[in-house]
Structure formats: structure tokens, C-alpha cells
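Okay, structure first, notes after.
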Amino acid sequence: MVRDVMISHFPTVHHTDDLTEIIRVARANSHIESLPVMDDEGKLLGIIRPGDLQRVLDTDIAPQLVNAGDIALTAPIALRTNANLLEALRDFGISDIESLPVEAGHGESRRVVGLLLLRSDVMRRYREEMLRRR
């Protein structure tokens, strides 16, 4: 299950954080590929992938003029805590993201509760589960 592989403590950025803050958070958490972008109520708005960040860094735009909401991939795929690992692998393939947010709750009460860090972590755990069942 996704809840067995996800991490529960992960960094996020607020949709109004500027590029300087995004870079600070990314550097402080270099083991995490993508950063979830949250709104004022703590709900997932999007995710910033390394390539998204690099494209902005390659421009001459002043860092204080770019915020997380501007560069985030909006409406990213988010997994449920009870999703199986095969679903997670499918969603990694669909989304072209190296880290996937995990949500719990329903409707307006949905909140990000975890992050699947790497596709390779999920694949390793999936192989372990398959071998254990044989």
C-alpha cells in the first residue's frame, strides 16, 4: 500500500512564496525531487518539478517576481493512502513526476498527508511484495 512507502514529513511551499524561498526550501531538502505547492487553506494546488524550477532559473526574471503558483504543475495526480503500489507505478508513468503527493480525506477535507519520493522506491517495494507472495 502507498501508506507503507510514503514519507509523512516533507517540505511544501505556499503558492505565494517567491523563487528565493522556493530555492531555499529545495536546497534544504535536496533528497526530495518535487515540492508540493499549497494554498491558504493547506490544500494541494500543484507541484514544482526540478525541470519547472530549472526553466525559471534559466531566465532573467527577477526572483521576487516569480512565485510558486506561477511555475507549479497544477492539478497533479495525488494518490490515496490506501492505493496499491501498482496504481502508484501507473500514476508515476502518467504524471512524469518523480515524487507524488498522497492525500487523505474526502471532498473539501482532503489534505496532503504524505509524499512518495521516488518511483524507484515504489518499484523496489512492489518487487519485495511480489517475491514475498511467491
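Ordering of the C-alpha cells sets the chain letters (A, B, ...); residue numbers start at 1 within each chain; ligands are numbered from 1 in the order shown.
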Contacts of region 4-18 of chain A at 6 Å or less, counting only C-alpha atoms, minus same-chain residues fewer than 5 places along, as a list in words?
-> Leu35, Pro36, Val37, Met38, Asp39, Gln64, Val66, Asn67, Ala68, Gly69, Gly114, Leu115 and Leu116 of chain A
Write a file of the just-selected residues containing N, CA and C atoms, as a short mmCIF file (atom, residue, chain, number, x, y, z; two decimals), in the first residue's frame.
data_model
loop_
_atom_site.label_atom_id
_atom_site.label_comp_id
_atom_site.auth_asym_id
_atom_site.auth_seq_id
_atom_site.Cartn_x
_atom_site.Cartn_y
_atom_site.Cartn_z
N LEU A 35 8.37 19.60 -5.10
CA LEU A 35 7.80 20.28 -3.94
C LEU A 35 6.31 20.51 -4.13
N PRO A 36 5.48 20.04 -3.20
CA PRO A 36 4.06 20.34 -3.26
C PRO A 36 3.82 21.84 -2.99
N VAL A 37 2.88 22.40 -3.73
CA VAL A 37 2.52 23.81 -3.58
C VAL A 37 1.12 23.85 -2.96
N MET A 38 1.01 24.57 -1.84
CA MET A 38 -0.22 24.59 -1.07
C MET A 38 -0.89 25.96 -1.14
N ASP A 39 -2.23 25.97 -0.99
CA ASP A 39 -2.97 27.23 -0.96
C ASP A 39 -3.09 27.72 0.48
N GLN A 64 12.08 37.71 -7.14
CA GLN A 64 10.93 38.18 -6.37
C GLN A 64 9.68 38.36 -7.22
N VAL A 66 8.63 35.96 -9.37
CA VAL A 66 8.12 34.62 -9.68
C VAL A 66 7.67 33.97 -8.39
N ASN A 67 6.45 33.44 -8.37
CA ASN A 67 6.02 32.73 -7.17
C ASN A 67 5.69 31.28 -7.51
N ALA A 68 5.53 30.49 -6.48
CA ALA A 68 5.32 29.04 -6.65
C ALA A 68 4.09 28.75 -7.50
N GLY A 69 3.04 29.52 -7.33
CA GLY A 69 1.83 29.31 -8.11
C GLY A 69 2.05 29.52 -9.60
N GLY A 114 1.25 12.82 2.82
CA GLY A 114 2.50 12.13 2.54
C GLY A 114 3.00 12.42 1.15
N LEU A 115 4.17 11.87 0.88
CA LEU A 115 4.80 12.04 -0.42
C LEU A 115 5.52 10.75 -0.77
N LEU A 116 5.28 10.27 -1.97
CA LEU A 116 6.08 9.15 -2.48
C LEU A 116 7.29 9.79 -3.13
#
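CA of Glu98 (chain A) is positioned 5.4 Å from CA of Leu118 (chain A).
Comparing A:Val25, A:Ala78, A:Ile48, A:Leu89 by their smallest distance to Arg127 (chain A), the closest is A:Leu89 (using only C-alpha atoms).
Nearest residue to Ile71 (chain A) among A:Met123, A:Met1, A:Leu57, A:Met130 is A:Leu57, counting only C-alpha atoms.
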Give one line per residue of region 61-118 of chain A that approaches region 41-47 of chain A to at most 9 Å, naming the two atoms of the closest pair and their distance in Å to one decimal, counting only C-alpha atoms; sort by chain then ascending residue number and deliver it as a tab-separated table.
residue	atom	partner	partner_atom	distance
A:Ala68	CA	A:Ile47	CA	8.7
A:Gly69	CA	A:Gly46	CA	7.6
A:Ile71	CA	A:Ile47	CA	8.6
A:Ala72	CA	A:Ile47	CA	5.0
A:Leu73	CA	A:Gly46	CA	5.2
A:Thr74	CA	A:Gly46	CA	4.2
A:Ala75	CA	A:Gly46	CA	5.6
A:Pro76	CA	A:Gly46	CA	5.7
A:Ala78	CA	A:Leu44	CA	8.9
A:Ile97	CA	A:Ile47	CA	8.9
A:Ser99	CA	A:Ile47	CA	9.0
A:Leu100	CA	A:Ile47	CA	8.6
A:Pro101	CA	A:Ile47	CA	8.4
A:Glu103	CA	A:Leu44	CA	8.9
A:Glu108	CA	A:Lys43	CA	8.8
A:Ser109	CA	A:Lys43	CA	8.8
A:Arg110	CA	A:Lys43	CA	7.3
A:Arg111	CA	A:Lys43	CA	5.8
A:Val112	CA	A:Leu44	CA	6.7
DSSP-assigned helix (DSSP H, G or I) among chain A, expressed as a PDB file with N, CA and C atoms, in the first residue's frame:
ATOM      1  N   VAL A   2       0.328   2.307  -0.548  1.00  0.00           N
ATOM      2  CA  VAL A   2       1.040   3.579  -0.633  1.00  0.00           C
ATOM      3  C   VAL A   2       1.441   4.074   0.754  1.00  0.00           C
ATOM      4  N   ARG A   3       0.570   3.919   1.738  1.00  0.00           N
ATOM      5  CA  ARG A   3       0.873   4.422   3.090  1.00  0.00           C
ATOM      6  C   ARG A   3       2.113   3.755   3.686  1.00  0.00           C
ATOM      7  N   ASP A   4       2.492   2.572   3.178  1.00  0.00           N
ATOM      8  CA  ASP A   4       3.659   1.869   3.690  1.00  0.00           C
ATOM      9  C   ASP A   4       4.964   2.379   3.087  1.00  0.00           C
ATOM     10  N   LEU A  19      10.626  32.919  -5.707  1.00  0.00           N
ATOM     11  CA  LEU A  19      11.668  31.998  -6.155  1.00  0.00           C
ATOM     12  C   LEU A  19      12.786  31.835  -5.131  1.00  0.00           C
ATOM     13  N   THR A  20      13.115  32.892  -4.421  1.00  0.00           N
ATOM     14  CA  THR A  20      14.154  32.813  -3.394  1.00  0.00           C
ATOM     15  C   THR A  20      13.772  31.808  -2.315  1.00  0.00           C
ATOM     16  N   GLU A  21      12.523  31.837  -1.873  1.00  0.00           N
ATOM     17  CA  GLU A  21      12.047  30.904  -0.849  1.00  0.00           C
ATOM     18  C   GLU A  21      11.974  29.482  -1.404  1.00  0.00           C
ATOM     19  N   ILE A  22      11.520  29.336  -2.627  1.00  0.00           N
ATOM     20  CA  ILE A  22      11.439  28.005  -3.240  1.00  0.00           C
ATOM     21  C   ILE A  22      12.826  27.371  -3.307  1.00  0.00           C
ATOM     22  N   ILE A  23      13.807  28.145  -3.709  1.00  0.00           N
ATOM     23  CA  ILE A  23      15.181  27.644  -3.796  1.00  0.00           C
ATOM     24  C   ILE A  23      15.704  27.281  -2.410  1.00  0.00           C
ATOM     25  N   ARG A  24      15.401  28.105  -1.416  1.00  0.00           N
ATOM     26  CA  ARG A  24      15.838  27.813  -0.042  1.00  0.00           C
ATOM     27  C   ARG A  24      15.270  26.469   0.424  1.00  0.00           C
ATOM     28  N   VAL A  25      13.977  26.253   0.210  1.00  0.00           N
ATOM     29  CA  VAL A  25      13.330  25.003   0.623  1.00  0.00           C
ATOM     30  C   VAL A  25      13.901  23.825  -0.168  1.00  0.00           C
ATOM     31  N   ALA A  26      14.098  24.001  -1.459  1.00  0.00           N
ATOM     32  CA  ALA A  26      14.642  22.923  -2.296  1.00  0.00           C
ATOM     33  C   ALA A  26      16.057  22.549  -1.855  1.00  0.00           C
ATOM     34  N   ARG A  27      16.880  23.522  -1.563  1.00  0.00           N
ATOM     35  CA  ARG A  27      18.256  23.238  -1.118  1.00  0.00           C
ATOM     36  C   ARG A  27      18.271  22.542   0.241  1.00  0.00           C
ATOM     37  N   ALA A  28      17.398  22.953   1.129  1.00  0.00           N
ATOM     38  CA  ALA A  28      17.341  22.361   2.466  1.00  0.00           C
ATOM     39  C   ALA A  28      16.794  20.939   2.428  1.00  0.00           C
ATOM     40  N   PRO A  50      11.706  19.502 -10.722  1.00  0.00           N
ATOM     41  CA  PRO A  50      13.028  20.097 -10.954  1.00  0.00           C
ATOM     42  C   PRO A  50      13.118  20.839 -12.293  1.00  0.00           C
ATOM     43  N   GLY A  51      12.540  20.275 -13.339  1.00  0.00           N
ATOM     44  CA  GLY A  51      12.592  20.927 -14.648  1.00  0.00           C
ATOM     45  C   GLY A  51      11.853  22.251 -14.680  1.00  0.00           C
ATOM     46  N   ASP A  52      10.738  22.322 -13.943  1.00  0.00           N
ATOM     47  CA  ASP A  52       9.982  23.579 -13.863  1.00  0.00           C
ATOM     48  C   ASP A  52      10.835  24.664 -13.220  1.00  0.00           C
ATOM     49  N   LEU A  53      11.508  24.299 -12.161  1.00  0.00           N
ATOM     50  CA  LEU A  53      12.366  25.240 -11.452  1.00  0.00           C
ATOM     51  C   LEU A  53      13.548  25.655 -12.325  1.00  0.00           C
ATOM     52  N   GLN A  54      14.153  24.701 -13.010  1.00  0.00           N
ATOM     53  CA  GLN A  54      15.304  24.996 -13.864  1.00  0.00           C
ATOM     54  C   GLN A  54      14.947  25.951 -14.991  1.00  0.00           C
ATOM     55  N   ARG A  55      13.771  25.777 -15.587  1.00  0.00           N
ATOM     56  CA  ARG A  55      13.352  26.674 -16.668  1.00  0.00           C
ATOM     57  C   ARG A  55      13.279  28.122 -16.192  1.00  0.00           C
ATOM     58  N   VAL A  56      12.806  28.330 -14.977  1.00  0.00           N
ATOM     59  CA  VAL A  56      12.724  29.692 -14.446  1.00  0.00           C
ATOM     60  C   VAL A  56      14.116  30.220 -14.118  1.00  0.00           C
ATOM     61  N   LEU A  57      14.965  29.361 -13.579  1.00  0.00           N
ATOM     62  CA  LEU A  57      16.325  29.791 -13.238  1.00  0.00           C
ATOM     63  C   LEU A  57      17.140  30.149 -14.477  1.00  0.00           C
ATOM     64  N   PRO A  63      13.954  37.054  -9.173  1.00  0.00           N
ATOM     65  CA  PRO A  63      13.388  36.020  -8.299  1.00  0.00           C
ATOM     66  C   PRO A  63      12.152  36.458  -7.517  1.00  0.00           C
ATOM     67  N   GLN A  64      12.077  37.710  -7.143  1.00  0.00           N
ATOM     68  CA  GLN A  64      10.928  38.180  -6.367  1.00  0.00           C
ATOM     69  C   GLN A  64       9.676  38.359  -7.223  1.00  0.00           C
ATOM     70  N   LEU A  65       9.811  38.237  -8.538  1.00  0.00           N
ATOM     71  CA  LEU A  65       8.659  38.379  -9.432  1.00  0.00           C
ATOM     72  C   LEU A  65       8.016  37.045  -9.805  1.00  0.00           C
ATOM     73  N   ALA A  68       5.533  30.488  -6.477  1.00  0.00           N
ATOM     74  CA  ALA A  68       5.315  29.045  -6.648  1.00  0.00           C
ATOM     75  C   ALA A  68       4.091  28.746  -7.495  1.00  0.00           C
ATOM     76  N   GLY A  69       3.040  29.523  -7.333  1.00  0.00           N
ATOM     77  CA  GLY A  69       1.834  29.309  -8.115  1.00  0.00           C
ATOM     78  C   GLY A  69       2.047  29.525  -9.603  1.00  0.00           C
ATOM     79  N   ASP A  70       3.025  30.359  -9.949  1.00  0.00           N
ATOM     80  CA  ASP A  70       3.324  30.631 -11.360  1.00  0.00           C
ATOM     81  C   ASP A  70       3.980  29.448 -12.061  1.00  0.00           C
ATOM     82  N   ILE A  71       4.792  28.699 -11.339  1.00  0.00           N
ATOM     83  CA  ILE A  71       5.586  27.658 -12.007  1.00  0.00           C
ATOM     84  C   ILE A  71       5.143  26.229 -11.690  1.00  0.00           C
ATOM     85  N   LEU A  85       0.408  -0.411  -4.746  1.00  0.00           N
ATOM     86  CA  LEU A  85       1.659   0.039  -5.360  1.00  0.00           C
ATOM     87  C   LEU A  85       1.607   0.009  -6.875  1.00  0.00           C
ATOM     88  N   LEU A  86       0.826  -0.884  -7.439  1.00  0.00           N
ATOM     89  CA  LEU A  86       0.679  -0.923  -8.891  1.00  0.00           C
ATOM     90  C   LEU A  86       0.000   0.356  -9.393  1.00  0.00           C
ATOM     91  N   GLU A  87      -0.987   0.848  -8.656  1.00  0.00           N
ATOM     92  CA  GLU A  87      -1.624   2.116  -9.002  1.00  0.00           C
ATOM     93  C   GLU A  87      -0.609   3.259  -8.940  1.00  0.00           C
ATOM     94  N   ALA A  88       0.241   3.232  -7.932  1.00  0.00           N
ATOM     95  CA  ALA A  88       1.264   4.267  -7.783  1.00  0.00           C
ATOM     96  C   ALA A  88       2.226   4.243  -8.966  1.00  0.00           C
ATOM     97  N   LEU A  89       2.653   3.058  -9.372  1.00  0.00           N
ATOM     98  CA  LEU A  89       3.561   2.961 -10.521  1.00  0.00           C
ATOM     99  C   LEU A  89       2.890   3.480 -11.790  1.00  0.00           C
ATOM    100  N   ARG A  90       1.614   3.168 -11.964  1.00  0.00           N
ATOM    101  CA  ARG A  90       0.861   3.676 -13.113  1.00  0.00           C
ATOM    102  C   ARG A  90       0.829   5.204 -13.093  1.00  0.00           C
ATOM    103  N   ASP A  91       0.553   5.771 -11.928  1.00  0.00           N
ATOM    104  CA  ASP A  91       0.448   7.225 -11.828  1.00  0.00           C
ATOM    105  C   ASP A  91       1.790   7.913 -12.020  1.00  0.00           C
ATOM    106  N   PHE A  92       2.871   7.274 -11.607  1.00  0.00           N
ATOM    107  CA  PHE A  92       4.192   7.830 -11.890  1.00  0.00           C
ATOM    108  C   PHE A  92       4.394   7.929 -13.394  1.00  0.00           C
ATOM    109  N   GLY A  93       3.993   6.894 -14.124  1.00  0.00           N
ATOM    110  CA  GLY A  93       4.142   6.894 -15.575  1.00  0.00           C
ATOM    111  C   GLY A  93       3.288   7.939 -16.255  1.00  0.00           C
ATOM    112  N   ILE A  94       2.079   8.134 -15.774  1.00  0.00           N
ATOM    113  CA  ILE A  94       1.154   9.104 -16.358  1.00  0.00           C
ATOM    114  C   ILE A  94       1.620  10.533 -16.109  1.00  0.00           C
ATOM    115  N   SER A  95       2.133  10.787 -14.921  1.00  0.00           N
ATOM    116  CA  SER A  95       2.376  12.161 -14.494  1.00  0.00           C
ATOM    117  C   SER A  95       3.738  12.721 -14.874  1.00  0.00           C
ATOM    118  N   GLY A 107     -13.475  15.140  -0.415  1.00  0.00           N
ATOM    119  CA  GLY A 107     -14.011  16.446  -0.770  1.00  0.00           C
ATOM    120  C   GLY A 107     -13.178  17.590  -0.242  1.00  0.00           C
ATOM    121  N   GLU A 108     -13.827  18.510   0.427  1.00  0.00           N
ATOM    122  CA  GLU A 108     -13.151  19.691   0.959  1.00  0.00           C
ATOM    123  C   GLU A 108     -12.181  19.373   2.092  1.00  0.00           C
ATOM    124  N   SER A 109     -12.318  18.204   2.691  1.00  0.00           N
ATOM    125  CA  SER A 109     -11.431  17.845   3.805  1.00  0.00           C
ATOM    126  C   SER A 109     -10.164  17.118   3.340  1.00  0.00           C
ATOM    127  N   ARG A 119      10.014   6.971  -7.752  1.00  0.00           N
ATOM    128  CA  ARG A 119       9.433   5.835  -8.450  1.00  0.00           C
ATOM    129  C   ARG A 119      10.219   4.564  -8.125  1.00  0.00           C
ATOM    130  N   SER A 120      11.535   4.690  -8.010  1.00  0.00           N
ATOM    131  CA  SER A 120      12.367   3.510  -7.728  1.00  0.00           C
ATOM    132  C   SER A 120      12.054   2.923  -6.346  1.00  0.00           C
ATOM    133  N   ASP A 121      11.694   3.764  -5.349  1.00  0.00           N
ATOM    134  CA  ASP A 121      11.310   3.258  -4.025  1.00  0.00           C
ATOM    135  C   ASP A 121      10.051   2.413  -4.117  1.00  0.00           C
ATOM    136  N   VAL A 122       9.082   2.893  -4.892  1.00  0.00           N
ATOM    137  CA  VAL A 122       7.826   2.162  -5.059  1.00  0.00           C
ATOM    138  C   VAL A 122       8.076   0.854  -5.807  1.00  0.00           C
ATOM    139  N   MET A 123       8.903   0.918  -6.845  1.00  0.00           N
ATOM    140  CA  MET A 123       9.202  -0.284  -7.631  1.00  0.00           C
ATOM    141  C   MET A 123       9.916  -1.329  -6.769  1.00  0.00           C
ATOM    142  N   ARG A 124      10.862  -0.895  -5.962  1.00  0.00           N
ATOM    143  CA  ARG A 124      11.579  -1.825  -5.082  1.00  0.00           C
ATOM    144  C   ARG A 124      10.608  -2.483  -4.110  1.00  0.00           C
ATOM    145  N   ARG A 125       9.736  -1.699  -3.504  1.00  0.00           N
ATOM    146  CA  ARG A 125       8.772  -2.248  -2.552  1.00  0.00           C
ATOM    147  C   ARG A 125       7.791  -3.195  -3.247  1.00  0.00           C
ATOM    148  N   TYR A 126       7.387  -2.854  -4.465  1.00  0.00           N
ATOM    149  CA  TYR A 126       6.479  -3.710  -5.236  1.00  0.00           C
ATOM    150  C   TYR A 126       7.143  -5.061  -5.516  1.00  0.00           C
ATOM    151  N   ARG A 127       8.411  -5.043  -5.918  1.00  0.00           N
ATOM    152  CA  ARG A 127       9.138  -6.302  -6.161  1.00  0.00           C
ATOM    153  C   ARG A 127       9.227  -7.124  -4.893  1.00  0.00           C
ATOM    154  N   GLU A 128       9.511  -6.466  -3.768  1.00  0.00           N
ATOM    155  CA  GLU A 128       9.589  -7.182  -2.489  1.00  0.00           C
ATOM    156  C   GLU A 128       8.269  -7.872  -2.165  1.00  0.00           C
ATOM    157  N   GLU A 129       7.173  -7.162  -2.375  1.00  0.00           N
ATOM    158  CA  GLU A 129       5.843  -7.719  -2.108  1.00  0.00           C
ATOM    159  C   GLU A 129       5.564  -8.908  -3.025  1.00  0.00           C
ATOM    160  N   MET A 130       5.910  -8.788  -4.281  1.00  0.00           N
ATOM    161  CA  MET A 130       5.672  -9.868  -5.241  1.00  0.00           C
ATOM    162  C   MET A 130       6.484 -11.111  -4.866  1.00  0.00           C
ATOM    163  N   LEU A 131       7.725 -10.936  -4.480  1.00  0.00           N
ATOM    164  CA  LEU A 131       8.574 -12.068  -4.098  1.00  0.00           C
ATOM    165  C   LEU A 131       8.102 -12.710  -2.803  1.00  0.00           C
ATOM    166  N   ARG A 132       7.611 -11.910  -1.892  1.00  0.00           N
ATOM    167  CA  ARG A 132       7.131 -12.436  -0.618  1.00  0.00           C
ATOM    168  C   ARG A 132       5.874 -13.310  -0.825  1.00  0.00           C
ATOM    169  N   ARG A 133       5.067 -12.986  -1.795  1.00  0.00           N
ATOM    170  CA  ARG A 133       3.838 -13.720  -2.039  1.00  0.00           C
ATOM    171  C   ARG A 133       4.062 -15.029  -2.790  1.00  0.00           C
TER     172      ARG A 133
END
One decimal, Å: what's the distance from CA of Asp40 (chain A) over to CA of Arg80 (chain A), could you say?
-> 21.8 Å
Can you list, as a PyMOL selection string, all residues belonging to chain A that DSSP tags as strand (DSSP E)?
-> chain A and resi 13-14+35-38+44-48+73-74+79-80+100-104+111-116
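With CA of Gly105 (chain A) on one side and CA of Thr81 (chain A) on the other, the separation reads 9.5 Å.
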